[in-house]
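**Q** Below is the structure I would like to discuss, written out as structure tokens.
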Amino acid sequence: MPSSNPLRRFVETTRGRQIRKYEHYYDVYHRHLSKFRGRKIVVVEFGVHMGGSAQMWREYFGADVMIYGIDITPECKRWETPWFKVFVGDQSDRAFLAEIAAEIGPIDVLIEDGGHRPEQQIATFEIFYPKVKPGGVFLIEDLHTSYWPSYDGGYQRPGTFMEYAKPLTDQLNAFHSREPRFAVDRFTRSTTSMHFYDSIVVFEKARVDKPRRLDGGRPGWERRPDTDVLLSRRSLLRTEAVRAGRRAAPLVRRALRRARALGIRGRD
Ligand SMILES: C[S@@+](CC[C@H](N)C(=O)[O-])C[C@H]1O[C@@H](n2cnc3c(N)ncnc32)[C@H](O)[C@@H]1O
């Protein structure tokens, strides 16, 4: 039976240029990118290779898409079309990245599938993430290289993209911080979600404001207005008893001191 995922269908039937990817990538792409289909959008893909993925994206997103590809291999220029512009250069070179980012302008979808080395992935993220529009998606793939020694990777090895990405999950929650060292930043204000898959991280962008409550219904327990904590009636009584005990303690101590001064002793 043909797949309901148009990207899978494309790969299974294409007679065009070569595409090589893990099978589950197509479902991840479709889950996060289907909302862009048929729209006038700008797509950037690091890693052009044989040009097969650019053909797939054009088929998937439709005739209004403009795709920019970046690759270190000069031969990739030959895949250029009116809807596909190729920049040749090294993804590790931040000056090159800044130059093409300025030329491309605001981006709807960025797919990072280039050299897969950590310094390339991090440089690309730092320069291009701010260029992705609110509502846009930044998807980075082949992150299994974060675990491969041949790519300076390893389990929880500092410097890999996976180790770079993990603290960003804290940054998503920074509005709830109670510590000055953990503060809301540009990432917090512009990222709605991060999605971790095998070998892929997807970042979804939109303007994010301080979270507000939206409550409904009637409470089943009494509410403590000072802390906004819901307590059961029993624990509320227990708390009141402890508070009353604390209030009474100095009085009791004073009474005991007086009794001792008057020579009054209790039972031993
Ligand atoms: C996995 S392939 C891309 C595959 C393509 N996206 C597809 O799905 O058909 C990776 C590409 O990254 C390119 N590449 C490797 N190192 C690079 C670098 N430092 N800067 C830019 N591109 C690089 C390679 O030339 C290669 O074409």
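Numbering starts fresh at 1 for the residues of each chain in the structure tokens, the chains themselves are lettered A, B, ... in the order given, and ligands are numbered from 1 as they appear.
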Residues contacting ligand 1 - anything with an atom at most 10 Å away, using only C-alpha atoms and all ligand atoms - can you give me those as a compact mmCIF listing (two decimals) with C-alpha atoms, in the first residue's frame?
**A**
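So pocket18.txt came out as:
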# COMPACT_ATOMS: atom_id res chain seq x y z
CA ARG A 17 18.76 12.39 -7.97
CA GLN A 18 19.95 10.36 -5.04
CA ILE A 19 18.65 10.80 -1.47
CA ARG A 20 20.06 8.80 1.44
CA LYS A 21 18.46 9.10 4.88
CA TYR A 22 17.28 7.04 7.83
CA GLU A 45 19.27 23.22 3.44
CA PHE A 46 22.85 22.67 4.57
CA GLY A 47 24.23 19.70 2.61
CA VAL A 48 23.22 19.54 -1.05
CA HIS A 49 25.16 16.45 -2.12
CA MET A 50 23.52 14.85 -5.18
CA GLY A 51 20.65 17.34 -5.13
CA GLY A 52 18.01 14.68 -4.41
CA SER A 53 16.70 16.25 -1.22
CA ALA A 54 16.25 19.63 -2.95
CA GLN A 55 14.07 17.89 -5.55
CA MET A 56 12.09 16.25 -2.76
CA TRP A 57 11.54 19.55 -0.92
CA GLY A 69 21.44 25.04 -0.50
CA ILE A 70 24.90 25.28 1.06
CA ASP A 71 27.69 22.81 0.37
CA ILE A 72 31.47 22.73 0.36
CA THR A 73 31.52 20.76 -2.92
CA PRO A 74 31.66 23.10 -5.96
CA GLU A 75 29.96 20.48 -8.19
CA CYS A 76 26.73 21.06 -6.27
CA PHE A 87 26.17 28.66 -2.11
CA VAL A 88 29.53 26.94 -2.12
CA GLY A 89 31.59 27.32 1.05
CA ASP A 90 32.68 25.86 4.35
CA GLN A 91 30.09 25.61 7.07
CA SER A 92 32.82 25.97 9.71
CA ASP A 93 33.56 29.47 8.45
CA LEU A 97 27.79 31.86 7.19
CA ILE A 111 17.30 21.74 7.50
CA GLU A 112 20.85 21.14 8.72
CA ASP A 113 22.39 18.13 6.96
CA GLY A 114 25.89 19.35 6.14
CA GLY A 115 29.29 18.32 7.43
CA HIS A 116 27.97 16.96 10.77
CA ARG A 117 30.97 18.10 12.78
CA GLU A 119 31.77 23.11 15.35
CA GLN A 120 29.87 23.29 12.03
CA GLN A 121 26.55 22.42 13.64
CA THR A 124 25.22 27.12 11.86
CA GLU A 141 19.72 15.84 11.60
CA ASP A 142 22.32 13.08 11.72
**Q** Mind giving me the straight-line distance from atom CA of Val208 of chain A to atom CA of His176 of chain A in Å, one decimal?
**A** 13.2 Å
**Q** When you count only C-alpha atoms, which of these residues is closest to Ile41 of chain A: A:Ile104, A:Arg9, A:Thr14, A:Thr81?
**A** A:Ile104
**Q** So, with only C-alpha atoms as the atoms that count, which of A:Tyr25, A:Tyr151, A:Tyr68, A:Tyr60 lies closest to Arg39 of chain A?
**A** A:Tyr60
**Q** Please identify the strand (DSSP E or B) residues within segment 70-253 of chain A (assignment by DSSP from backbone atoms) and present them as an NGL selection string.
**A** :A and (70-71 or 81 or 84-88 or 107-112 or 132-140 or 191-197 or 200-205 or 222-224 or 229-231)
**Q** Next, the residues of the selection above should be written as a compact mmCIF listing (two decimals), in the first residue's frame with N, CA and C atoms.
**A**
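The resulting file, out.txt, is shown below:
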# COMPACT_ATOMS: atom_id res chain seq x y z
N ILE A 70 23.51 24.92 0.74
CA ILE A 70 24.90 25.28 1.06
C ILE A 70 25.71 24.00 1.08
N ASP A 71 26.84 24.00 0.38
CA ASP A 71 27.69 22.81 0.37
C ASP A 71 29.13 23.23 0.07
N THR A 81 18.66 25.87 -10.06
CA THR A 81 17.49 26.11 -10.92
C THR A 81 16.93 27.47 -10.50
N PHE A 84 16.17 27.05 -6.90
CA PHE A 84 17.19 26.45 -6.03
C PHE A 84 18.54 27.13 -6.25
N LYS A 85 18.96 27.94 -5.26
CA LYS A 85 20.26 28.62 -5.36
C LYS A 85 21.25 27.91 -4.44
N VAL A 86 22.44 27.67 -4.96
CA VAL A 86 23.46 26.95 -4.18
C VAL A 86 24.63 27.88 -3.84
N PHE A 87 24.97 27.95 -2.55
CA PHE A 87 26.17 28.66 -2.11
C PHE A 87 27.25 27.62 -1.83
N VAL A 88 28.43 27.86 -2.37
CA VAL A 88 29.53 26.94 -2.12
C VAL A 88 30.46 27.55 -1.09
N ILE A 107 13.97 33.25 7.17
CA ILE A 107 13.85 31.84 6.75
C ILE A 107 12.63 31.20 7.42
N ASP A 108 11.91 30.38 6.66
CA ASP A 108 10.79 29.64 7.24
C ASP A 108 11.22 28.28 7.77
N VAL A 109 12.02 27.58 6.98
CA VAL A 109 12.44 26.22 7.36
C VAL A 109 13.93 26.08 7.11
N LEU A 110 14.67 25.62 8.12
CA LEU A 110 16.09 25.32 7.91
C LEU A 110 16.35 23.85 8.25
N ILE A 111 16.95 23.15 7.29
CA ILE A 111 17.30 21.74 7.50
C ILE A 111 18.82 21.64 7.49
N GLU A 112 19.39 21.21 8.60
CA GLU A 112 20.85 21.14 8.72
C GLU A 112 21.29 19.70 8.50
N VAL A 132 15.62 32.45 11.56
CA VAL A 132 14.38 31.69 11.33
C VAL A 132 13.22 32.51 11.91
N LYS A 133 12.20 32.68 11.09
CA LYS A 133 11.08 33.57 11.46
C LYS A 133 10.24 32.99 12.59
N PRO A 134 9.50 33.82 13.30
CA PRO A 134 8.48 33.28 14.21
C PRO A 134 7.53 32.40 13.40
N GLY A 135 7.23 31.24 13.93
CA GLY A 135 6.41 30.28 13.16
C GLY A 135 7.27 29.31 12.37
N GLY A 136 8.57 29.59 12.30
CA GLY A 136 9.47 28.75 11.51
C GLY A 136 10.03 27.57 12.28
N VAL A 137 10.77 26.75 11.55
CA VAL A 137 11.32 25.50 12.12
C VAL A 137 12.80 25.39 11.77
N PHE A 138 13.59 25.02 12.76
CA PHE A 138 15.01 24.70 12.54
C PHE A 138 15.17 23.23 12.89
N LEU A 139 15.56 22.43 11.90
CA LEU A 139 15.67 20.97 12.10
C LEU A 139 17.12 20.55 11.82
N ILE A 140 17.71 19.89 12.79
CA ILE A 140 19.10 19.45 12.59
C ILE A 140 19.14 17.93 12.68
N THR A 191 11.37 30.64 21.30
CA THR A 191 11.28 29.20 21.02
C THR A 191 10.10 28.60 21.77
N THR A 192 9.19 27.99 21.03
CA THR A 192 8.03 27.38 21.70
C THR A 192 8.34 25.96 22.13
N SER A 193 9.16 25.24 21.36
CA SER A 193 9.38 23.84 21.72
C SER A 193 10.64 23.29 21.07
N MET A 194 11.17 22.26 21.73
CA MET A 194 12.26 21.47 21.16
C MET A 194 11.79 20.02 21.16
N HIS A 195 12.06 19.33 20.06
CA HIS A 195 11.62 17.94 19.93
C HIS A 195 12.85 17.08 19.67
N PHE A 196 13.09 16.11 20.55
CA PHE A 196 14.25 15.23 20.39
C PHE A 196 13.81 13.89 19.82
N TYR A 197 14.45 13.48 18.75
CA TYR A 197 14.22 12.16 18.15
C TYR A 197 15.57 11.47 18.03
N ILE A 200 17.82 13.45 15.52
CA ILE A 200 17.24 14.73 15.06
C ILE A 200 16.81 15.57 16.26
N VAL A 201 17.05 16.87 16.18
CA VAL A 201 16.38 17.81 17.10
C VAL A 201 15.66 18.85 16.24
N VAL A 202 14.41 19.09 16.59
CA VAL A 202 13.59 20.10 15.90
C VAL A 202 13.30 21.23 16.88
N PHE A 203 13.57 22.46 16.43
CA PHE A 203 13.25 23.65 17.22
C PHE A 203 12.09 24.36 16.52
N GLU A 204 11.04 24.66 17.26
CA GLU A 204 9.92 25.40 16.68
C GLU A 204 9.90 26.80 17.29
N LYS A 205 9.75 27.79 16.43
CA LYS A 205 9.86 29.17 16.88
C LYS A 205 8.53 29.92 16.85
N GLU A 222 -9.94 23.62 49.38
CA GLU A 222 -9.85 25.05 49.67
C GLU A 222 -8.54 25.59 49.16
N ARG A 223 -8.57 26.81 48.76
CA ARG A 223 -7.41 27.45 48.17
C ARG A 223 -6.74 28.35 49.20
N ARG A 224 -5.42 28.29 49.31
CA ARG A 224 -4.69 29.23 50.17
C ARG A 224 -4.28 30.40 49.31
N VAL A 229 -1.65 27.62 46.58
CA VAL A 229 -1.50 26.16 46.62
C VAL A 229 -2.83 25.56 47.06
N LEU A 230 -3.25 24.50 46.42
CA LEU A 230 -4.48 23.85 46.83
C LEU A 230 -4.16 22.83 47.93
N LEU A 231 -4.84 22.99 49.06
CA LEU A 231 -4.60 22.05 50.15
C LEU A 231 -5.90 21.35 50.50
**Q** Apply DSSP to the backbone of this structure and, from segment 49-208 of chain A, keep only the residues in alpha helix (DSSP H); write these as a PyMOL selection string.
**A** chain A and resi 52-61+94-104+118-128+161-171+186-190
